[in-house]
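See below for the structure under consideration.
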Amino acid sequence: MEELTVEVLRAWARTALAELTRARTEIDELNVYPVPDGDTGTNLYLTWEAACDALPKGELTFTEAIQAFGRGALLGARGNSGVITSQLIRACGNRLNENLPRDRPGRPDRTEGVLADPRMSEAAAFADALKYAADAAYGAVAQPVEGTMLTVARAAATGAMTAANDGKTLADVCLAAVASARQALTKTTEQLDVLRRAGVVDAGGAGLVVILGAMESVLTGRHVHVDVPARIPTESTTDLSSEGPAYEVMYLLDAPDDKVGDFRQSLAALGDSVVVVGGDGLWNVHVHTDDVGAAIEHGIDIGRPHRIRVTHFADQTHHHEPAPGRAVIAVVAGDGLADLYAEAGARVIRGGPGRRCSTGELLQAIEQSQAPEIVVLPNDQDSIAVAEAAATAARQDGIRVAVIPTRAQVQGLAAIAVHDPERSFDDDVVHLSAAAGQTRHGAVTIAIKDAWTMAGRCRIGDALGVVDGDFALITEDLETAAVGVVDRLLGGGGELLTIVTGRDADPALAEAVERHVRRQRKDVDVVVYDGGQDRYPLLIGVE
C-alpha cells in the first residue's frame, strides 16, 4: 500500500491489537522501569483497545478517523507507557492530517488524498509525522530519560526520515522505522542501569516495536512477527524493588493549554514519571508521587480533574496476585443462556430483543454483588451504552468496573469461558476482552415486515442471515440462511463453532447446520446449547 487511508488505519488498529494481545504477557515480564509492577504490556493493550473501540464503524473521513482514534487513546490511556503511547498516536495523527488532508471543501472526498504540501509524498509525510510525534512525546515528559520508549520512538523517526530523504516508498520507510526501532530497543539494556541489572530491554519500547511492526505488516502485506526479547540472566537480578514514590496518580484534566507547561513542572517537583499529554482543553495526567493530595490539588489550581485513579505500588508487588473479590454480571436473552452463564459463575440480568435492561437494573446488580471488582458483559450492542453508564455511576462509589464490549451472546460465552478470579483484575479483563474480540458472531431470523437491509429488500417471512451485526443474507428458508452465515464466519478461519438454539427453534435446524460443518470442515469442533432466546432461532459464534 502506498497511500495512508482510513482503511489502512483500521487495518493497523486491528493488527496491532492482535499483536499486543499475543505479546502482552512477555512485555509485562520485562517491566522493571520506572516501577517493577509488571503491567506495561497490559497497559499498552488496554490503551490501544480504547483507541480501537473509539473508532466508529461506517464511512469516515481521514480526519474523523484519526481524531476519533487519538481521542480514544487519550481517554483510555493506562499507566506511564499508555499515556506516552496516546501522545504518540495523537501527535502522529494530527501531523498526518496537516500534511495529508482527506477532506475537500463541501462534500468530503474519501477516495482521493490531497497533499497539503504538493511537494511532500505520502512516504515523506509519514516520516515527518513520526518525527513530530517523537518530539511531542519528549515534550510531554517533564524529565525525559534515555533507554525508554522515548528513545525507541526517536530512533524509529530518524530511520524513517533517512529512508524518506532517499526517496524510498511508504512501505520501505515504515520498514526502516521498524528496523531502527528494533536496533534502538536492543541498546536500551545498556542505557539504563536498572534494565542492565535485570537483563531486560525497556518494556514500553518493546511494545512500541510491536505496534510499528503491525503497521509494516499492513503496508507490505507480509505478516511481521515481532519477537519480544526475553530476560537475559545477569549476575544480580535479586533486588529490583522500587525505592521511588509509593503512588501512581492519573486523571483527566480540563484546563487551558497555556497553563499546562507550568503545571507539568510543578508536578515534577512532587515526584517522577511525570507525563501530561493532550490538547484543546483536555489532558491526561500521570505522575508517581508520595503526595497524592498535592498532585490532585495542582490540577484543581488550573482546571477540573476527573476520572482520578490512584494506585499504591505496594499493593501490586506481583502482577498475578489473586483479587480480593470479583463478580461477573451478564445480560442474557433467554432461560437457557441464563443457566449457561450462571453455571460459569456469572450473575445474570434478563435482556435482549424486546427486553432491554436498564442502567438502574445493572447498577442494582453491581451493588448487590458487594464485590470490589466487577466485570460486565452487555452481550448486545444496545446494552453497551447502558452498561457504561452503570459502570460510571458505580466507579463514583469506589467500585472498580470494566465493561467488556460484547455485542452478542456468543461473544459473552467466549469471554466467561476464560474468566479466572485468581488472576489480577487487569489481567482478567484482558483475557476476557481478547476472547470476546476473537469471536465472530452471526444469527438467523425471520423478517416480520418488508424492509430494506444491507443485503437488499426483504419481505415478510423471508429468512435473514446476520453476520457481525449486519443483515448479510436473504433466503427462502432458515437452513439456507444458517449454512450461509456459518460459511461466511468460517471463511475467516476458526476452530470452534458454537450454536445456541432459540426458544421455538426446530431441532432439525441446528442438526442440519452441524452436519454441514462436520462434512465440509472436519477441522472445526461444534457445540450446541439450548439458549431459549426469542426472535433468533439460532445464534452462531466462531472462535
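To be explicit about the labels: the chains of the C-alpha cells are called A, B, and onward in the order shown, and within each one the residues are counted from 1, while ligands get numbers from 1 in the order they are shown.
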Item to check | Within 10 Å of Asp135 of chain A using only C-alpha atoms, minus same-chain residues under 3 positions, as JSON, numbers by chain | outcome: {"A": [88, 91, 129, 130, 131, 132, 138, 139, 140, 150, 153, 154, 157]}
Item to check | Within 9 Å of Arg182 of chain A using only C-alpha atoms, minus same-chain residues under 2 positions, as a list of chain:residue names | outcome: A:Val152, A:Ala155, A:Ala156, A:Ala177, A:Val178, A:Ala179, A:Ser180, A:Ala184, A:Leu185, A:Thr186, A:Lys187, A:Gly205, A:Ala206, A:Val209
Export of the given selection (all heavy atoms) as an mmCIF file, in the first residue's frame:
```
data_model
loop_
_atom_site.group_PDB
_atom_site.id
_atom_site.type_symbol
_atom_site.label_atom_id
_atom_site.label_comp_id
_atom_site.auth_asym_id
_atom_site.auth_seq_id
_atom_site.Cartn_x
_atom_site.Cartn_y
_atom_site.Cartn_z
ATOM 1 N N VAL A 152 13.266 4.778 21.679
ATOM 2 C CA VAL A 152 12.861 3.913 20.570
ATOM 3 C C VAL A 152 12.024 4.703 19.564
ATOM 4 O O VAL A 152 12.183 4.551 18.347
ATOM 5 C CB VAL A 152 12.080 2.697 21.107
ATOM 6 C CG1 VAL A 152 11.562 1.835 19.964
ATOM 7 C CG2 VAL A 152 12.970 1.864 22.027
ATOM 8 N N ALA A 155 14.351 6.923 17.523
ATOM 9 C CA ALA A 155 15.140 6.122 16.578
ATOM 10 C C ALA A 155 14.289 5.723 15.376
ATOM 11 O O ALA A 155 14.751 5.764 14.222
ATOM 12 C CB ALA A 155 15.692 4.886 17.281
ATOM 13 N N ALA A 156 13.031 5.345 15.620
ATOM 14 C CA ALA A 156 12.136 4.984 14.522
ATOM 15 C C ALA A 156 11.941 6.173 13.588
ATOM 16 O O ALA A 156 11.968 6.027 12.352
ATOM 17 C CB ALA A 156 10.793 4.512 15.081
ATOM 18 N N ALA A 177 11.768 2.375 9.676
ATOM 19 C CA ALA A 177 11.403 2.808 11.024
ATOM 20 C C ALA A 177 11.409 1.632 11.992
ATOM 21 O O ALA A 177 11.928 1.734 13.116
ATOM 22 C CB ALA A 177 10.021 3.468 11.003
ATOM 23 N N VAL A 178 10.854 0.507 11.565
ATOM 24 C CA VAL A 178 10.802 -0.678 12.430
ATOM 25 C C VAL A 178 12.207 -1.206 12.695
ATOM 26 O O VAL A 178 12.554 -1.565 13.828
ATOM 27 C CB VAL A 178 9.924 -1.773 11.797
ATOM 28 C CG1 VAL A 178 9.970 -3.050 12.636
ATOM 29 C CG2 VAL A 178 8.482 -1.290 11.668
ATOM 30 N N ALA A 179 13.037 -1.252 11.656
ATOM 31 C CA ALA A 179 14.407 -1.743 11.821
ATOM 32 C C ALA A 179 15.186 -0.868 12.799
ATOM 33 O O ALA A 179 15.907 -1.368 13.674
ATOM 34 C CB ALA A 179 15.109 -1.797 10.473
ATOM 35 N N SER A 180 15.043 0.441 12.674
ATOM 36 C CA SER A 180 15.746 1.356 13.577
ATOM 37 C C SER A 180 15.217 1.228 15.001
ATOM 38 O O SER A 180 15.983 1.293 15.974
ATOM 39 C CB SER A 180 15.579 2.799 13.085
ATOM 40 O OG SER A 180 16.177 2.980 11.819
ATOM 41 N N ALA A 184 17.365 0.173 18.299
ATOM 42 C CA ALA A 184 17.394 1.027 19.485
ATOM 43 C C ALA A 184 16.914 0.273 20.721
ATOM 44 O O ALA A 184 17.431 0.484 21.825
ATOM 45 C CB ALA A 184 16.520 2.260 19.250
ATOM 46 N N LEU A 185 15.933 -0.612 20.530
ATOM 47 C CA LEU A 185 15.412 -1.384 21.667
ATOM 48 C C LEU A 185 16.499 -2.253 22.290
ATOM 49 O O LEU A 185 16.613 -2.331 23.522
ATOM 50 C CB LEU A 185 14.238 -2.250 21.208
ATOM 51 C CG LEU A 185 13.608 -3.146 22.273
ATOM 52 C CD1 LEU A 185 12.978 -2.305 23.376
ATOM 53 C CD2 LEU A 185 12.563 -4.076 21.635
ATOM 54 N N THR A 186 17.307 -2.892 21.462
ATOM 55 C CA THR A 186 18.352 -3.770 22.000
ATOM 56 C C THR A 186 19.385 -2.984 22.808
ATOM 57 O O THR A 186 20.009 -3.539 23.721
ATOM 58 C CB THR A 186 19.063 -4.518 20.859
ATOM 59 O OG1 THR A 186 19.712 -3.571 19.994
ATOM 60 C CG2 THR A 186 18.079 -5.346 20.056
ATOM 61 N N LYS A 187 19.536 -1.691 22.494
ATOM 62 C CA LYS A 187 20.538 -0.881 23.190
ATOM 63 C C LYS A 187 20.026 -0.307 24.511
ATOM 64 O O LYS A 187 20.815 0.216 25.301
ATOM 65 C CB LYS A 187 21.000 0.260 22.286
ATOM 66 C CG LYS A 187 21.738 -0.215 21.026
ATOM 67 C CD LYS A 187 22.145 0.960 20.154
ATOM 68 C CE LYS A 187 22.898 0.489 18.904
ATOM 69 N NZ LYS A 187 23.278 1.630 18.032
ATOM 70 N N GLY A 205 9.348 0.310 25.180
ATOM 71 C CA GLY A 205 9.967 0.292 23.861
ATOM 72 C C GLY A 205 9.626 -0.976 23.095
ATOM 73 O O GLY A 205 9.400 -0.942 21.883
ATOM 74 N N ALA A 206 9.587 -2.116 23.808
ATOM 75 C CA ALA A 206 9.218 -3.371 23.155
ATOM 76 C C ALA A 206 7.790 -3.305 22.624
ATOM 77 O O ALA A 206 7.502 -3.766 21.515
ATOM 78 C CB ALA A 206 9.356 -4.527 24.143
ATOM 79 N N VAL A 209 7.691 -1.274 19.412
ATOM 80 C CA VAL A 209 8.174 -2.039 18.257
ATOM 81 C C VAL A 209 7.071 -2.965 17.740
ATOM 82 O O VAL A 209 6.894 -3.131 16.525
ATOM 83 C CB VAL A 209 9.436 -2.835 18.628
ATOM 84 C CG1 VAL A 209 9.828 -3.788 17.492
ATOM 85 C CG2 VAL A 209 10.603 -1.891 18.914
#
```
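Taking atom CA of Leu219 of chain A and atom CA of Cys52 of chain A as the two end points, the separation is 18.6 Å.
Residues in contact range of Val292 of chain A, defined as at most 10 Å between only C-alpha atoms, with sequence neighbours fewer than 5 positions away removed, read Ala246, Tyr247, Glu248, Val249, Met250, Leu270, Val287, Glu297, Val310 and Thr311 of chain A.
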Next on the checklist: Report, in Å to a single decimal, how far apart atom CA of Ile211 of chain A and atom CA of Leu20 of chain A are.
Outcome noted: 7.5 Å
Next on the checklist: Could you list, as a VMD selection string, every residue within 10 Å of Pro56 of chain A, counting only C-alpha atoms and ignoring same-chain residues fewer than 5 positions away?
Outcome noted: chain A and resid 10 64 to 65 68 to 69
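Between atom CA of Leu175 of chain A and atom CA of Val228 of chain A the separation is 17.4 Å.
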Next on the checklist: Counting only C-alpha atoms, which residue out of A:Gly70, A:Gly532, A:Gly360, A:Pro256 sits closest to Trp48 of chain A?
Outcome noted: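 So, comparing all the options, the nearest one is A:Gly70.
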Checklist entry - Which neighbours of Pro378 of chain A fall inside 7 Å, counting only C-alpha atoms, when residues of the same chain fewer than 4 positions from it are skipped, and could you give them as a PyMOL selection string? => result chain A and resi 330-331+383-384+387+405-406
Please produce an output containing N, CA, C and O atoms for each residue in the selection, written as a PDB file, in the first residue's frame.
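Result file again-v3.pdb:
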```
ATOM      1  N   ALA A 330     -23.712 -10.608  33.621  1.00  0.00           N
ATOM      2  CA  ALA A 330     -24.000 -10.814  32.206  1.00  0.00           C
ATOM      3  C   ALA A 330     -25.455 -10.506  31.907  1.00  0.00           C
ATOM      4  O   ALA A 330     -26.350 -10.897  32.665  1.00  0.00           O
ATOM      5  N   VAL A 331     -25.685  -9.809  30.798  1.00  0.00           N
ATOM      6  CA  VAL A 331     -27.042  -9.581  30.297  1.00  0.00           C
ATOM      7  C   VAL A 331     -27.375 -10.742  29.365  1.00  0.00           C
ATOM      8  O   VAL A 331     -26.662 -10.975  28.388  1.00  0.00           O
ATOM      9  N   SER A 383     -27.014  -2.633  24.742  1.00  0.00           N
ATOM     10  CA  SER A 383     -26.764  -2.684  26.180  1.00  0.00           C
ATOM     11  C   SER A 383     -25.383  -2.159  26.569  1.00  0.00           C
ATOM     12  O   SER A 383     -25.121  -1.958  27.754  1.00  0.00           O
ATOM     13  N   ILE A 384     -24.509  -1.956  25.597  1.00  0.00           N
ATOM     14  CA  ILE A 384     -23.163  -1.493  25.921  1.00  0.00           C
ATOM     15  C   ILE A 384     -23.206  -0.104  26.544  1.00  0.00           C
ATOM     16  O   ILE A 384     -22.577   0.155  27.583  1.00  0.00           O
ATOM     17  N   ALA A 387     -24.543  -0.309  30.022  1.00  0.00           N
ATOM     18  CA  ALA A 387     -23.536  -0.845  30.943  1.00  0.00           C
ATOM     19  C   ALA A 387     -22.488   0.202  31.288  1.00  0.00           C
ATOM     20  O   ALA A 387     -22.051   0.304  32.439  1.00  0.00           O
ATOM     21  N   PRO A 405     -16.930  -4.973  25.832  1.00  0.00           N
ATOM     22  CA  PRO A 405     -17.935  -4.597  24.824  1.00  0.00           C
ATOM     23  C   PRO A 405     -18.418  -5.766  23.978  1.00  0.00           C
ATOM     24  O   PRO A 405     -18.278  -5.779  22.752  1.00  0.00           O
ATOM     25  N   THR A 406     -19.014  -6.768  24.632  1.00  0.00           N
ATOM     26  CA  THR A 406     -19.557  -7.920  23.904  1.00  0.00           C
ATOM     27  C   THR A 406     -20.831  -7.497  23.185  1.00  0.00           C
ATOM     28  O   THR A 406     -21.752  -6.970  23.799  1.00  0.00           O
TER      29      THR A 406
END
```
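If you measure from each of A:Leu497, A:Ala23, A:Ala393, A:Ala371 to Ala414 of chain A using only C-alpha atoms, the closest one turns out to be A:Leu497.
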Next on the checklist: Please extract the residues of segment 338-367 of chain A with a backbone DSSP assignment of strand (DSSP E or B) and present them as a list in words.
Outcome noted: Arg347, Val348, Ile349 and Arg350 of chain A
Next on the checklist: Using only C-alpha atoms for the distances, tell me which of A:Asn379, A:Thr480, A:Gln533, A:Thr445 is nearest to Ala415 of chain A.
Outcome noted: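 Once distances to Ala415 of chain A are computed over only C-alpha atoms, the minimum belongs to A:Asn379.
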Item to check | Which residue of A:Thr475, A:Thr162, A:Thr47, A:Thr40 approaches Ala124 of chain A most closely, using only C-alpha atoms | outcome: A:Thr162
Checklist outcome for this item: Residue with the minimum atom-to-atom distance to Ile329 of chain A, picked from A:Ile416, A:Leu252, A:Leu30, A:Ala294 with only C-alpha atoms counted, is A:Ile416
Checklist entry - Near Val528 of chain A, within 10 Å and counting only C-alpha atoms, which residues show up once chain neighbours fewer than 2 positions away are dropped, as an MDAnalysis selection string? => result chainID A and resid 497:501 510:511 514 526 530:531 538:540
Checklist entry - If we count only C-alpha atoms, what is near His431 of chain A at a cut-off of 9 Å, once residues fewer than 3 positions away on the same chain are taken out, given as a list in words? => result Thr21, Ala415, Val418, His419, Asp420, Asp426, Asp427, Asp428, Ala434, Ala435 and Ala436 of chain A
Checklist outcome for this item: Residue with the minimum atom-to-atom distance to Arg22 of chain A, picked from A:Ala136, A:Thr61, A:Val210, A:Thr5 with only C-alpha atoms counted, is A:Val210
Next on the checklist: Residues of segment 244-480 of chain A classed as helix (DSSP H, G or I) by DSSP on the backbone are to be reported as JSON, numbers by chain.
Outcome noted: {"A": [257, 258, 259, 260, 261, 262, 263, 264, 265, 266, 267, 268, 292, 293, 294, 295, 296, 297, 298, 299, 300, 301, 302, 313, 314, 315, 316, 335, 336, 337, 338, 339, 340, 341, 342, 343, 359, 360, 361, 362, 363, 364, 365, 366, 367, 368, 369, 381, 382, 383, 384, 385, 386, 387, 388, 389, 390, 391, 392, 393, 394, 395, 409, 410, 411, 412, 413, 414, 415, 416, 417, 425, 426, 427, 428, 429, 430, 431, 432, 433, 434, 435, 436, 437, 478, 479, 480]}
